[in-house]
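Peer 1: The following file, coords07.cif, comprises mmCIF, C-alpha atoms:
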data_protein
#
loop_
_atom_site.label_atom_id
_atom_site.label_comp_id
_atom_site.auth_asym_id
_atom_site.auth_seq_id
_atom_site.Cartn_x
_atom_site.Cartn_y
_atom_site.Cartn_z
CA MET A 1 0.00 0.00 0.00
CA THR A 2 1.34 3.38 -0.94
CA VAL A 3 0.77 6.57 0.98
CA ASN A 4 -1.08 9.30 -0.86
CA LYS A 5 0.98 12.50 -1.15
CA GLU A 6 -2.10 14.69 -0.65
CA ASN A 7 -2.78 14.15 3.07
CA PHE A 8 -5.50 16.64 3.90
CA ILE A 9 -6.64 14.87 7.09
CA THR A 10 -4.45 14.73 10.18
CA GLU A 11 -5.10 13.53 13.72
CA LYS A 12 -5.90 17.08 14.80
CA ASN A 13 -8.70 17.04 12.21
CA ILE A 14 -10.50 13.97 13.54
CA VAL A 15 -13.49 14.54 15.80
CA ILE A 16 -15.14 11.52 17.37
CA GLY A 17 -18.43 12.15 19.16
CA LEU A 18 -19.27 15.64 17.87
CA ASP A 19 -22.15 16.88 19.99
CA ALA A 20 -24.27 18.83 17.49
CA ILE A 21 -28.02 19.37 17.33
CA SER A 22 -28.27 20.37 13.66
CA GLN A 23 -26.41 20.64 10.39
CA ARG A 24 -25.75 24.33 11.09
CA ASP A 25 -24.52 23.59 14.61
CA ALA A 26 -22.15 20.88 13.31
CA ILE A 27 -20.68 23.20 10.66
CA PHE A 28 -20.13 26.01 13.18
CA LYS A 29 -18.53 23.66 15.73
CA LEU A 30 -16.21 22.09 13.17
CA SER A 31 -15.31 25.56 11.88
CA LYS A 32 -14.26 26.56 15.42
CA ILE A 33 -11.90 23.57 15.51
CA LEU A 34 -10.36 24.60 12.18
CA GLU A 35 -9.91 28.14 13.50
CA LYS A 36 -8.29 26.88 16.70
CA ASP A 37 -5.78 24.75 14.75
CA GLY A 38 -4.91 27.68 12.44
CA THR A 39 -6.39 26.27 9.23
CA ILE A 40 -8.85 29.15 8.97
CA THR A 41 -8.72 32.70 10.32
CA ASN A 42 -12.39 33.25 11.16
CA SER A 43 -14.78 30.41 11.98
CA ASN A 44 -17.94 32.50 11.59
CA VAL A 45 -16.99 33.74 8.11
CA PHE A 46 -16.01 30.23 7.02
CA ALA A 47 -19.15 28.58 8.46
CA LYS A 48 -21.36 31.14 6.72
CA ASP A 49 -19.58 30.48 3.42
CA VAL A 50 -20.12 26.73 3.87
CA LEU A 51 -23.81 27.23 4.72
CA LYS A 52 -24.23 29.50 1.69
CA ARG A 53 -22.81 26.72 -0.51
CA GLU A 54 -25.03 24.20 1.27
CA SER A 55 -28.11 26.29 0.43
CA LEU A 56 -27.42 25.75 -3.30
CA ALA A 57 -27.49 21.94 -3.11
CA THR A 58 -27.20 19.37 -0.39
CA THR A 59 -23.86 17.79 0.39
CA GLY A 60 -25.56 14.86 2.09
CA ILE A 61 -24.46 12.21 -0.40
CA GLY A 62 -26.32 9.33 1.24
CA ASN A 63 -25.40 6.37 3.41
CA GLY A 64 -25.12 8.68 6.43
CA ILE A 65 -22.35 10.80 4.91
CA ALA A 66 -22.11 14.54 4.22
CA ILE A 67 -19.28 16.39 2.50
CA PRO A 68 -19.93 20.08 3.17
CA HIS A 69 -17.38 22.46 1.74
CA GLY A 70 -16.81 26.08 1.10
CA LYS A 71 -14.40 28.37 -0.64
CA SER A 72 -13.69 31.15 1.78
CA GLU A 73 -11.29 34.04 2.26
CA ALA A 74 -11.00 32.77 5.84
CA VAL A 75 -9.11 29.64 4.69
CA ARG A 76 -5.33 29.73 5.18
CA ASP A 77 -4.56 26.14 4.17
CA ALA A 78 -6.68 23.63 2.28
CA SER A 79 -7.81 21.03 4.75
CA MET A 80 -10.49 18.55 5.61
CA ILE A 81 -11.93 17.71 9.00
CA PHE A 82 -13.56 14.33 9.67
CA ALA A 83 -16.27 14.04 12.30
CA LYS A 84 -18.56 11.37 13.65
CA VAL A 85 -21.58 12.81 15.43
CA LEU A 86 -23.11 11.55 18.66
CA LYS A 87 -26.62 11.64 17.24
CA PRO A 88 -27.43 11.45 13.49
CA LEU A 89 -28.40 14.81 11.98
CA GLU A 90 -30.96 15.85 9.38
CA TRP A 91 -29.04 16.99 6.30
CA ASN A 92 -31.53 16.85 3.42
CA SER A 93 -29.45 13.95 2.07
CA LEU A 94 -30.01 12.62 -1.42
CA ASP A 95 -31.24 9.28 -0.01
CA GLY A 96 -33.19 10.86 2.87
CA SER A 97 -30.86 9.37 5.49
CA LYS A 98 -29.62 11.24 8.52
CA VAL A 99 -25.90 12.01 8.64
CA ASP A 100 -23.50 10.53 11.17
CA VAL A 101 -20.21 11.07 9.30
CA ILE A 102 -19.08 14.51 8.10
CA PHE A 103 -16.11 15.45 5.93
CA LEU A 104 -15.89 19.27 6.03
CA MET A 105 -13.56 20.69 3.37
CA ALA A 106 -11.91 24.08 3.71
CA VAL A 107 -10.71 25.55 0.42
CA ARG A 108 -9.15 28.88 -0.56
CA PRO A 109 -10.94 30.90 -3.26
CA GLN A 110 -7.73 31.49 -5.26
CA GLY A 111 -6.34 28.21 -6.51
CA GLY A 112 -8.86 26.32 -4.44
CA ASP A 113 -10.41 24.44 -7.35
CA LYS A 114 -7.33 22.26 -7.75
CA GLU A 115 -7.15 21.51 -4.00
CA HIS A 116 -10.88 20.90 -3.78
CA LEU A 117 -10.85 18.51 -6.72
CA LYS A 118 -7.89 16.56 -5.29
CA MET A 119 -9.63 16.17 -1.93
CA LEU A 120 -12.95 15.28 -3.52
CA ALA A 121 -11.47 12.81 -6.00
CA ASN A 122 -9.50 11.02 -3.29
CA LEU A 123 -12.44 10.92 -0.91
CA SER A 124 -15.14 9.96 -3.40
CA GLY A 125 -13.05 7.10 -4.72
CA ARG A 126 -12.49 5.82 -1.20
CA LEU A 127 -16.18 6.13 -0.25
CA MET A 128 -17.14 3.75 -3.06
CA ASP A 129 -15.18 1.02 -1.25
CA ASP A 130 -17.56 -0.75 1.16
CA ASP A 131 -14.69 -2.02 3.33
CA PHE A 132 -13.34 1.51 3.74
CA LEU A 133 -16.80 2.87 4.49
CA ASN A 134 -17.48 0.20 7.12
CA PHE A 135 -14.06 0.80 8.65
CA ILE A 136 -14.48 4.56 9.08
CA LYS A 137 -17.97 4.13 10.51
CA LYS A 138 -16.76 1.64 13.14
CA GLU A 139 -13.24 2.88 13.96
CA ASN A 140 -12.72 5.57 16.61
CA ASP A 141 -8.93 5.59 16.90
CA PRO A 142 -7.65 8.79 15.21
CA LYS A 143 -4.28 7.21 14.30
CA LYS A 144 -5.96 4.29 12.53
CA LEU A 145 -8.42 6.60 10.79
CA VAL A 146 -5.68 8.92 9.51
CA SER A 147 -3.73 5.91 8.30
CA SER A 148 -6.75 4.62 6.40
CA PHE A 149 -7.48 8.02 4.83
CA ASN A 150 -3.92 8.41 3.66
CA LYS A 151 -3.50 5.01 2.04
CA GLU A 152 -4.67 4.19 -1.44
CA GLU A 153 -6.31 0.99 -0.21
CA VAL A 154 -7.66 -0.24 3.12
#
Give the structure from the file, written as structure tokens.

Peer 2:
Amino acid sequence: MTVNKENFITEKNIVIGLDAISQRDAIFKLSKILEKDGTITNSNVFAKDVLKRESLATTGIGNGIAIPHGKSEAVRDASMIFAKVLKPLEWNSLDGSKVDVIFLMAVRPQGGDKEHLKMLANLSGRLMDDDFLNFIKKENDPKKLVSSFNKEEV
């Protein structure tokens, strides 16, 4: 197994047991974490940009997974935060399911398309693998999760 050179998820970007009461609440709480770790400069600006994007079309892709994202001036470094919520959230998902796994992408407006596409291509390919999907839904060890995200195969 080879390690992917585009490692957008690190241990500091893994949240197990996010206590959120809504989609909006989850996005604001995850944005605060990204601000605290220095990935973004302003969590409120970033969260509002993500929610604005979310209003255009749902990022609830089905199977309990959402991939919200936003291009924002508040983003310093392209990054992704992975979260598992305590209680599944309504997300207006394509399949009508509630969301219990969130991949929030932070992308810069300038040059962000390339970063966004790399993250999305890597993630979407991985999410088509049932073994990978089952693993991330069951595993709670950040080290093991990061390892699985950064490898080309589980």

Peer 1: Point out the residue among A:Ile14, A:Met119, A:Val99, A:Met105 with the least atom-to-atom distance to Phe82 (chain A), counting only C-alpha atoms.

Peer 2: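 The shortest atom-to-atom distance to Phe82 (chain A) comes from A:Ile14.
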
Peer 1: Report as a tab-separated table (two decimals) with C-alpha atoms, in the coordinates of the input all protein, DNA and RNA residues lying within 12 Å of region 37-42 of chain A, evaluated on only C-alpha atoms, omitting residues in the same chain fewer than 6 positions from it.

Peer 2:
chain	number	residue	atom	x	y	z
A	8	PHE	CA	-5.50	16.64	3.90
A	9	ILE	CA	-6.64	14.87	7.09
A	10	THR	CA	-4.45	14.73	10.18
A	11	GLU	CA	-5.10	13.53	13.72
A	12	LYS	CA	-5.90	17.08	14.80
A	13	ASN	CA	-8.70	17.04	12.21
A	14	ILE	CA	-10.50	13.97	13.54
A	28	PHE	CA	-20.13	26.01	13.18
A	30	LEU	CA	-16.21	22.09	13.17
A	31	SER	CA	-15.31	25.56	11.88
A	48	LYS	CA	-21.36	31.14	6.72
A	49	ASP	CA	-19.58	30.48	3.42
A	70	GLY	CA	-16.81	26.08	1.10
A	71	LYS	CA	-14.40	28.37	-0.64
A	72	SER	CA	-13.69	31.15	1.78
A	73	GLU	CA	-11.29	34.04	2.26
A	74	ALA	CA	-11.00	32.77	5.84
A	75	VAL	CA	-9.11	29.64	4.69
A	76	ARG	CA	-5.33	29.73	5.18
A	77	ASP	CA	-4.56	26.14	4.17
A	78	ALA	CA	-6.68	23.63	2.28
A	79	SER	CA	-7.81	21.03	4.75
A	80	MET	CA	-10.49	18.55	5.61
A	81	ILE	CA	-11.93	17.71	9.00
A	105	MET	CA	-13.56	20.69	3.37
A	106	ALA	CA	-11.91	24.08	3.71
A	107	VAL	CA	-10.71	25.55	0.42
A	108	ARG	CA	-9.15	28.88	-0.56

Peer 1: Between CA of Gly125 (chain A) and CA of Ile65 (chain A), what distance in Å does the model show, to one decimal?

Peer 2: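 Atom-to-atom, CA of Gly125 (chain A) to CA of Ile65 (chain A), that is 13.9 Å.
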
Peer 1: Separation of CA of Gly17 (chain A) and CA of Lys84 (chain A), in Å?

Peer 2: 5.6 Å

Peer 1: Hey, what comes out of the PyMOL selection byres ((chain A and resi 86-91) around 10) on this file? Could you write it as a PyMOL selection string?

Peer 2: chain A and resi 16-26+54+58-62+64-66+83-85+92-94+96-101

Peer 1: To one decimal place in Å, what is the distance between CA of Asn44 (chain A) and CA of Lys32 (chain A)?

Peer 2: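 If I compute the distance from CA of Asn44 (chain A) to CA of Lys32 (chain A), I get 8.0 Å.
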
Peer 1: Pick from A:Ser147, A:Ser124, A:Asn134, A:Asn140: nearest to Ile67 (chain A), with all atoms listed in the file counted?

Peer 2: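 With all atoms listed in the file as the atom set, the closest residue is A:Ser124.
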
Peer 1: Given the choices A:Val50, A:Leu117, A:Val45, A:Val15, which gets closest to Ile33 (chain A) if the distance is worked out from all atoms listed in the file?

Peer 2: A:Val15

Peer 1: Here is a test: counting all atoms listed in the file, which residue of A:Asn63, A:Asp95, A:Gln110, A:Pro142 is nearest to Met128 (chain A)?

Peer 2: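 Distance minimum relative to Met128 (chain A) lands on A:Asn63.
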
Peer 1: Work out where the centre of an axis-aligned box around every listed atom of region 12-25 of chain A lies and how long its edges are once 6 Å is added on each side; give both in Å to one decimal as AutoDock Vina command-line options.

Peer 2:
--center_x -17.1 --center_y 17.9 --center_z 15.2 --size_x 34.4 --size_y 24.8 --size_z 21.6

Peer 1: Counting all atoms listed in the file, figure out which residue out of A:His69, A:Lys114, A:Lys36, A:Lys143 gets nearest to Ile102 (chain A).

Peer 2: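 Answer, going by the shortest atom-to-atom distance: A:His69.
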
Peer 1: Output region 25-39 of chain A from the block with C-alpha atoms, as a compact mmCIF listing (two decimals), in the first residue's frame?

Peer 2:
# COMPACT_ATOMS: atom_id res chain seq x y z
CA ASP A 25 -24.52 23.59 14.61
CA ALA A 26 -22.15 20.88 13.31
CA ILE A 27 -20.68 23.20 10.66
CA PHE A 28 -20.13 26.01 13.18
CA LYS A 29 -18.53 23.66 15.73
CA LEU A 30 -16.21 22.09 13.17
CA SER A 31 -15.31 25.56 11.88
CA LYS A 32 -14.26 26.56 15.42
CA ILE A 33 -11.90 23.57 15.51
CA LEU A 34 -10.36 24.60 12.18
CA GLU A 35 -9.91 28.14 13.50
CA LYS A 36 -8.29 26.88 16.70
CA ASP A 37 -5.78 24.75 14.75
CA GLY A 38 -4.91 27.68 12.44
CA THR A 39 -6.39 26.27 9.23
